[in-house]
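structure_21.txt (compact mmCIF, C-alpha atoms)
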```txt
# COMPACT_ATOMS: atom_id res chain seq x y z
CA ARG N 223 -10.06 -0.50 -3.36
CA LEU N 224 -12.01 -3.56 -2.31
CA ALA N 225 -10.61 -7.00 -3.05
CA ALA N 226 -13.93 -8.73 -3.70
CA GLU N 227 -16.75 -7.55 -5.92
CA PRO N 228 -19.54 -6.47 -3.58
CA GLY N 229 -22.83 -4.95 -4.65
CA THR N 230 -22.89 -1.33 -5.72
CA GLU N 231 -20.71 0.67 -3.37
CA ALA N 232 -21.66 4.30 -2.73
CA GLY N 233 -18.94 6.66 -3.87
CA MET N 234 -17.01 3.93 -5.66
CA ARG N 235 -16.54 2.84 -9.28
CA TRP N 236 -16.17 -0.69 -10.60
CA ILE N 237 -13.22 -1.13 -12.95
CA PRO N 238 -13.86 -4.28 -15.00
CA PRO N 239 -11.25 -6.99 -15.45
CA GLY N 240 -9.17 -6.80 -18.59
CA ARG N 241 -5.90 -5.84 -20.26
CA TYR N 242 -4.86 -2.21 -19.74
CA LEU N 243 -2.00 -0.25 -21.27
CA ILE N 244 -0.19 1.67 -18.54
CA GLY N 245 2.87 3.87 -18.59
CA ALA N 246 3.75 6.53 -21.12
CA ARG N 247 6.40 7.49 -23.60
CA PRO N 248 9.42 8.19 -21.37
CA GLU N 249 10.23 11.86 -20.79
CA ARG N 250 12.93 11.11 -18.21
CA PRO N 251 15.52 8.32 -18.02
CA GLU N 252 13.86 6.65 -15.01
CA GLU N 253 10.50 6.30 -16.76
CA GLY N 254 9.56 3.12 -18.55
CA PRO N 255 7.69 2.60 -21.78
CA PRO N 256 3.97 1.81 -22.04
CA HIS N 257 3.22 -1.84 -21.33
CA PRO N 258 0.13 -4.00 -20.99
CA VAL N 259 -1.06 -5.37 -17.65
CA ASP N 260 -3.86 -7.84 -16.96
CA LEU N 261 -6.02 -6.75 -14.04
CA GLN N 262 -8.80 -8.43 -12.15
CA GLY N 263 -11.83 -6.22 -11.66
CA PHE N 264 -11.77 -3.94 -8.63
CA TRP N 265 -13.65 -1.15 -6.87
CA ILE N 266 -11.99 2.23 -6.39
CA ASP N 267 -13.16 5.45 -4.73
CA GLN N 268 -14.37 8.02 -7.25
CA THR N 269 -12.76 10.90 -5.37
CA GLU N 270 -9.80 11.53 -3.14
CA VAL N 271 -10.04 11.11 0.63
CA THR N 272 -11.09 14.47 2.05
CA ASN N 273 -9.98 16.25 5.21
CA ALA N 274 -13.41 15.44 6.68
CA ASP N 275 -13.02 11.74 5.81
CA PHE N 276 -9.57 11.60 7.37
CA ALA N 277 -10.69 13.57 10.43
CA ALA N 278 -13.42 10.95 11.05
CA PHE N 279 -10.77 8.21 10.90
CA VAL N 280 -8.50 10.07 13.34
CA ALA N 281 -11.42 10.77 15.72
CA ALA N 282 -12.43 7.10 15.70
CA THR N 283 -8.94 5.64 16.09
CA GLY N 284 -6.63 8.28 17.59
CA TYR N 285 -4.24 7.68 14.68
CA ARG N 286 -1.21 9.97 14.33
CA THR N 287 0.30 10.39 10.87
CA LEU N 288 3.96 10.08 9.99
CA ALA N 289 4.18 13.89 9.71
CA GLU N 290 2.86 14.19 13.27
CA ARG N 291 5.52 11.88 14.74
CA ALA N 292 9.21 12.57 15.24
CA PRO N 293 11.31 10.45 12.86
CA ASP N 294 13.08 7.41 14.34
CA PRO N 295 16.76 8.37 14.85
CA ALA N 296 17.81 4.81 13.92
CA LEU N 297 16.49 5.44 10.41
CA TYR N 298 18.48 8.67 10.04
CA PRO N 299 22.05 8.05 11.18
CA GLY N 300 24.19 11.16 11.09
CA ILE N 301 21.25 13.54 11.49
CA ALA N 302 21.24 15.53 14.72
CA ARG N 303 18.45 14.38 17.03
CA ASP N 304 17.20 17.94 17.48
CA SER N 305 16.60 18.08 13.71
CA LEU N 306 14.32 15.02 13.85
CA VAL N 307 11.04 16.79 14.59
CA PRO N 308 7.54 16.20 13.23
CA SER N 309 7.47 17.88 9.82
CA SER N 310 6.52 17.55 6.17
CA LEU N 311 7.45 18.94 2.75
CA VAL N 312 5.48 22.03 1.76
CA PHE N 313 5.33 23.64 -1.69
CA VAL N 314 6.65 27.18 -1.30
CA PRO N 315 6.34 29.36 -4.42
CA LEU N 316 9.41 31.29 -5.52
CA LYS N 317 9.58 34.97 -4.66
CA SER N 318 9.42 37.44 -7.51
CA GLY N 319 12.71 37.45 -9.41
CA GLU N 320 14.01 34.19 -7.87
CA ARG N 321 15.27 31.53 -10.27
CA PRO N 322 14.76 27.84 -9.52
CA THR N 323 17.87 25.77 -8.85
CA GLY N 324 16.10 22.41 -8.57
CA PRO N 325 13.24 20.80 -6.61
CA ALA N 326 14.54 22.24 -3.34
CA SER N 327 13.69 25.68 -4.76
CA TRP N 328 9.98 24.93 -4.30
CA TRP N 329 9.78 22.25 -1.61
CA LYS N 330 10.77 23.02 1.98
CA ILE N 331 10.72 20.88 5.10
CA ILE N 332 8.41 22.74 7.46
CA PRO N 333 8.35 21.65 11.12
CA GLY N 334 4.74 21.33 12.28
CA ALA N 335 3.30 20.83 8.79
CA ASP N 336 0.83 17.95 8.74
CA TRP N 337 -2.66 17.15 7.50
CA ARG N 338 -4.26 19.53 10.02
CA HIS N 339 -1.68 22.25 9.32
CA PRO N 340 -0.93 22.01 5.58
CA GLN N 341 1.27 25.12 5.30
CA GLY N 342 2.85 24.75 8.76
CA PRO N 343 1.84 25.28 12.38
CA ASP N 344 0.14 28.64 11.75
CA SER N 345 -2.27 27.17 9.16
CA ASP N 346 -5.29 24.91 9.50
CA ILE N 347 -7.97 23.19 7.42
CA THR N 348 -10.89 25.32 8.56
CA GLY N 349 -13.17 25.78 5.56
CA HIS N 350 -11.37 23.00 3.64
CA ALA N 351 -13.27 19.93 4.89
CA HIS N 352 -14.12 18.72 1.39
CA GLU N 353 -10.66 19.18 -0.11
CA PRO N 354 -8.25 16.24 -0.45
CA VAL N 355 -6.23 15.46 2.65
CA VAL N 356 -2.49 16.20 2.25
CA HIS N 357 0.75 15.29 4.04
CA ILE N 358 -0.28 11.64 4.17
CA GLY N 359 2.35 8.92 3.75
CA HIS N 360 1.79 5.43 2.38
CA ALA N 361 1.48 3.97 5.89
CA ASP N 362 -1.13 6.62 6.75
CA ALA N 363 -3.14 5.94 3.59
CA LEU N 364 -2.99 2.20 4.24
CA ALA N 365 -4.17 2.64 7.85
CA TYR N 366 -7.13 4.72 6.62
CA ALA N 367 -7.98 2.19 3.90
CA ARG N 368 -7.87 -0.73 6.36
CA TRP N 369 -10.09 1.21 8.77
CA ARG N 370 -12.62 1.49 5.92
CA GLY N 371 -12.29 -2.25 5.22
CA ARG N 372 -10.44 -1.58 1.98
CA ASP N 373 -6.97 -1.69 0.48
CA LEU N 374 -4.91 0.71 -1.61
CA PRO N 375 -4.88 0.21 -5.35
CA SER N 376 -1.69 -1.03 -6.96
CA GLU N 377 0.10 1.40 -9.30
CA ALA N 378 -1.37 -0.43 -12.30
CA GLU N 379 -4.89 -0.37 -10.84
CA TRP N 380 -4.66 3.33 -10.04
CA GLU N 381 -3.41 4.20 -13.52
CA ALA N 382 -6.05 2.07 -15.25
CA ALA N 383 -8.77 3.79 -13.22
CA ALA N 384 -7.28 7.28 -13.63
CA ARG N 385 -7.08 6.91 -17.41
CA GLY N 386 -10.83 6.35 -17.58
CA GLY N 387 -10.57 4.34 -20.78
CA LEU N 388 -7.95 6.51 -22.54
CA VAL N 389 -5.49 4.28 -24.37
CA ALA N 390 -1.89 5.24 -25.18
CA ALA N 391 -2.26 8.85 -23.98
CA GLN N 392 0.86 10.47 -22.53
CA TYR N 393 -0.96 11.46 -19.32
CA SER N 394 -4.00 10.08 -17.51
CA TRP N 395 -6.05 13.00 -18.91
CA GLY N 396 -4.72 12.91 -22.51
CA ASP N 397 -1.69 14.23 -24.39
CA GLN N 398 -1.73 17.89 -23.29
CA ARG N 399 1.22 18.75 -21.03
CA PRO N 400 0.42 19.86 -17.47
CA GLY N 401 -0.28 23.59 -17.38
CA GLY N 402 -0.41 23.70 -21.20
```

Can the structure from this file be put into structure tokens for me?
Amino acid sequence: RLAAEPGTEAGMRWIPPGRYLIGARPERPEEGPPHPVDLQGFWIDQTEVTNADFAAFVAATGYRTLAERAPDPALYPGIARDSLVPSSLVFVPLKSGERPTGPASWWKIIPGADWRHPQGPDSDITGHAHEPVVHIGHADALAYARWRGRDLPSEAEWEAAARGGLVAAQYSWGDQRPGG
């Protein structure tokens, strides 16, 4: 997202100022109801940041992502230091016949998983240059955006852009449930 309205930006879309309805009918207790927000106009990338985009940033700056750094022990009191290794959460499908017991059934902390190694240390992004970069934290995304001379969209800006003009739909793509 760019704060000011420049001329036409390649690969970006202008979202005009206005009142947008964001949120959806709550499906879970922590979700809020739809509500209007007034937004100033803003530019937003039309597509996700790709592995190639992020690789260019890393090559130019030497940046290391959160998943590539060992966690700060001061932030994790009570956790053994030898457990604080560079890692990330990876989606791991259930084996045939397994029943889910909660989110931990599918998501596993994998040491060595990061944007270059999306499934863990034995994987890589060869042949996936134009796919969205993964295992990127907020601080990583913000560092990339600042390197590009941009900022991250707010939640309201992102939702307004993602809805593409849909009003009062349950999801950003319409009312059909995911996978339905």

**OP:** Measure the distance from atom CA of Gly359 of chain N to atom CA of Ala282 of chain N in Å and round it to one decimal.
**Re:** 19.1 Å

Original post:
Quick one: of N:Ala365, N:Pro293, N:Gln392, N:Gly401, who's nearest to Arg247 of chain N, counting all atoms listed in the file?
Top reply: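 Ranked by minimum distance to Arg247 of chain N, first place goes to N:Gln392.
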
Original post:
Which residue out of N:Ser305, N:Thr272, N:Gln262, N:Thr287 has the minimum interatomic distance to Pro333 of chain N when all atoms listed in the file are used?
Top reply: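 Among the listed residues, the smallest separation from Pro333 of chain N belongs to N:Ser305.
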
**OP:** Would you mind listing what lies within 9 Å of segment 379-390 of chain N as a list in words, with all atoms listed in the file counted and same-chain residues fewer than 5 positions away left out?
**Re:**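 Here the qualifying residues turn out to be Arg235, Ile237, Tyr242, Leu243, Ile244, Gly245, Ala246, Arg247, Pro256, Leu261, Phe264, Ile266, Leu374, Trp395 and Gly396 of chain N.
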
Subject >> Selection near Ser345 of chain N, 10 Å with all atoms listed in the file, sequence-local residues under 6 positions removed, as a PyMOL selection string >> reply: chain N and resi 334-336+338-339

Would you fill the gaps in segment 248-259 of chain N so it has all heavy atoms, then print it as a PDB file, keeping the file's coordinate frame?
```
ATOM      1  N   PRO N 248       8.516   7.614 -22.377  1.00  0.00           N
ATOM      2  CA  PRO N 248       9.420   8.190 -21.370  1.00  0.00           C
ATOM      3  C   PRO N 248       9.826   9.630 -21.702  1.00  0.00           C
ATOM      4  O   PRO N 248      10.173   9.942 -22.824  1.00  0.00           O
ATOM      5  CB  PRO N 248      10.639   7.267 -21.421  1.00  0.00           C
ATOM      6  CG  PRO N 248      10.148   6.004 -22.035  1.00  0.00           C
ATOM      7  CD  PRO N 248       9.046   6.395 -22.973  1.00  0.00           C
ATOM      8  N   GLU N 249       9.728  10.487 -20.692  1.00  0.00           N
ATOM      9  CA  GLU N 249      10.230  11.860 -20.790  1.00  0.00           C
ATOM     10  C   GLU N 249      11.505  12.021 -19.983  1.00  0.00           C
ATOM     11  O   GLU N 249      12.232  12.977 -20.148  1.00  0.00           O
ATOM     12  CB  GLU N 249       9.177  12.851 -20.306  1.00  0.00           C
ATOM     13  CG  GLU N 249       7.977  12.938 -21.221  1.00  0.00           C
ATOM     14  CD  GLU N 249       6.995  14.024 -20.800  1.00  0.00           C
ATOM     15  OE1 GLU N 249       7.250  14.718 -19.788  1.00  0.00           O
ATOM     16  OE2 GLU N 249       5.985  14.193 -21.484  1.00  0.00           O
ATOM     17  N   ARG N 250      11.739  11.079 -19.068  1.00  0.00           N
ATOM     18  CA  ARG N 250      12.930  11.110 -18.210  1.00  0.00           C
ATOM     19  C   ARG N 250      13.544   9.720 -18.217  1.00  0.00           C
ATOM     20  O   ARG N 250      12.853   8.729 -18.434  1.00  0.00           O
ATOM     21  CB  ARG N 250      12.536  11.504 -16.788  1.00  0.00           C
ATOM     22  CG  ARG N 250      11.993  12.910 -16.691  1.00  0.00           C
ATOM     23  CD  ARG N 250      11.449  13.186 -15.282  1.00  0.00           C
ATOM     24  NE  ARG N 250      10.709  14.423 -15.262  1.00  0.00           N
ATOM     25  CZ  ARG N 250       9.420  14.557 -15.586  1.00  0.00           C
ATOM     26  NH1 ARG N 250       8.712  13.498 -15.933  1.00  0.00           N
ATOM     27  NH2 ARG N 250       8.826  15.720 -15.546  1.00  0.00           N
ATOM     28  N   PRO N 251      14.848   9.625 -17.945  1.00  0.00           N
ATOM     29  CA  PRO N 251      15.520   8.320 -18.020  1.00  0.00           C
ATOM     30  C   PRO N 251      14.926   7.243 -17.105  1.00  0.00           C
ATOM     31  O   PRO N 251      14.954   6.066 -17.433  1.00  0.00           O
ATOM     32  CB  PRO N 251      16.958   8.636 -17.594  1.00  0.00           C
ATOM     33  CG  PRO N 251      17.127  10.087 -17.804  1.00  0.00           C
ATOM     34  CD  PRO N 251      15.770  10.712 -17.648  1.00  0.00           C
ATOM     35  N   GLU N 252      14.368   7.642 -15.958  1.00  0.00           N
ATOM     36  CA  GLU N 252      13.860   6.650 -15.010  1.00  0.00           C
ATOM     37  C   GLU N 252      12.461   6.139 -15.363  1.00  0.00           C
ATOM     38  O   GLU N 252      11.941   5.235 -14.717  1.00  0.00           O
ATOM     39  CB  GLU N 252      13.854   7.223 -13.578  1.00  0.00           C
ATOM     40  CG  GLU N 252      12.839   8.312 -13.321  1.00  0.00           C
ATOM     41  CD  GLU N 252      13.289   9.727 -13.676  1.00  0.00           C
ATOM     42  OE1 GLU N 252      14.345   9.904 -14.325  1.00  0.00           O
ATOM     43  OE2 GLU N 252      12.585  10.660 -13.296  1.00  0.00           O
ATOM     44  N   GLU N 253      11.845   6.715 -16.385  1.00  0.00           N
ATOM     45  CA  GLU N 253      10.500   6.300 -16.760  1.00  0.00           C
ATOM     46  C   GLU N 253      10.536   5.176 -17.788  1.00  0.00           C
ATOM     47  O   GLU N 253      11.379   5.166 -18.674  1.00  0.00           O
ATOM     48  CB  GLU N 253       9.728   7.502 -17.330  1.00  0.00           C
ATOM     49  CG  GLU N 253       9.521   8.593 -16.301  1.00  0.00           C
ATOM     50  CD  GLU N 253       8.873   9.828 -16.882  1.00  0.00           C
ATOM     51  OE1 GLU N 253       8.913  10.036 -18.103  1.00  0.00           O
ATOM     52  OE2 GLU N 253       8.312  10.592 -16.083  1.00  0.00           O
ATOM     53  N   GLY N 254       9.619   4.257 -17.639  1.00  0.00           N
ATOM     54  CA  GLY N 254       9.560   3.120 -18.550  1.00  0.00           C
ATOM     55  C   GLY N 254       8.570   3.338 -19.674  1.00  0.00           C
ATOM     56  O   GLY N 254       7.762   4.258 -19.626  1.00  0.00           O
ATOM     57  N   PRO N 255       8.610   2.472 -20.647  1.00  0.00           N
ATOM     58  CA  PRO N 255       7.690   2.600 -21.780  1.00  0.00           C
ATOM     59  C   PRO N 255       6.300   2.066 -21.424  1.00  0.00           C
ATOM     60  O   PRO N 255       6.128   1.347 -20.440  1.00  0.00           O
ATOM     61  CB  PRO N 255       8.337   1.721 -22.851  1.00  0.00           C
ATOM     62  CG  PRO N 255       9.035   0.667 -22.053  1.00  0.00           C
ATOM     63  CD  PRO N 255       9.536   1.372 -20.811  1.00  0.00           C
ATOM     64  N   PRO N 256       5.303   2.391 -22.251  1.00  0.00           N
ATOM     65  CA  PRO N 256       3.970   1.810 -22.040  1.00  0.00           C
ATOM     66  C   PRO N 256       4.052   0.288 -22.118  1.00  0.00           C
ATOM     67  O   PRO N 256       4.843  -0.253 -22.901  1.00  0.00           O
ATOM     68  CB  PRO N 256       3.152   2.367 -23.209  1.00  0.00           C
ATOM     69  CG  PRO N 256       3.914   3.532 -23.716  1.00  0.00           C
ATOM     70  CD  PRO N 256       5.353   3.266 -23.406  1.00  0.00           C
ATOM     71  N   HIS N 257       3.251  -0.375 -21.310  1.00  0.00           N
ATOM     72  CA  HIS N 257       3.220  -1.840 -21.330  1.00  0.00           C
ATOM     73  C   HIS N 257       1.855  -2.322 -20.869  1.00  0.00           C
ATOM     74  O   HIS N 257       1.188  -1.663 -20.082  1.00  0.00           O
ATOM     75  CB  HIS N 257       4.345  -2.427 -20.459  1.00  0.00           C
ATOM     76  CG  HIS N 257       4.259  -1.984 -19.032  1.00  0.00           C
ATOM     77  ND1 HIS N 257       4.689  -0.752 -18.596  1.00  0.00           N
ATOM     78  CD2 HIS N 257       3.784  -2.627 -17.937  1.00  0.00           C
ATOM     79  CE1 HIS N 257       4.484  -0.654 -17.294  1.00  0.00           C
ATOM     80  NE2 HIS N 257       3.940  -1.768 -16.870  1.00  0.00           N
ATOM     81  N   PRO N 258       1.437  -3.479 -21.384  1.00  0.00           N
ATOM     82  CA  PRO N 258       0.130  -4.000 -20.990  1.00  0.00           C
ATOM     83  C   PRO N 258       0.185  -4.712 -19.644  1.00  0.00           C
ATOM     84  O   PRO N 258       1.207  -5.312 -19.289  1.00  0.00           O
ATOM     85  CB  PRO N 258      -0.199  -4.988 -22.115  1.00  0.00           C
ATOM     86  CG  PRO N 258       1.136  -5.440 -22.610  1.00  0.00           C
ATOM     87  CD  PRO N 258       2.070  -4.272 -22.430  1.00  0.00           C
ATOM     88  N   VAL N 259      -0.902  -4.620 -18.899  1.00  0.00           N
ATOM     89  CA  VAL N 259      -1.060  -5.370 -17.650  1.00  0.00           C
ATOM     90  C   VAL N 259      -2.456  -5.989 -17.653  1.00  0.00           C
ATOM     91  O   VAL N 259      -3.399  -5.399 -18.174  1.00  0.00           O
ATOM     92  CB  VAL N 259      -0.881  -4.497 -16.387  1.00  0.00           C
ATOM     93  CG1 VAL N 259       0.538  -3.993 -16.257  1.00  0.00           C
ATOM     94  CG2 VAL N 259      -1.861  -3.352 -16.356  1.00  0.00           C
TER      95      VAL N 259
END
```
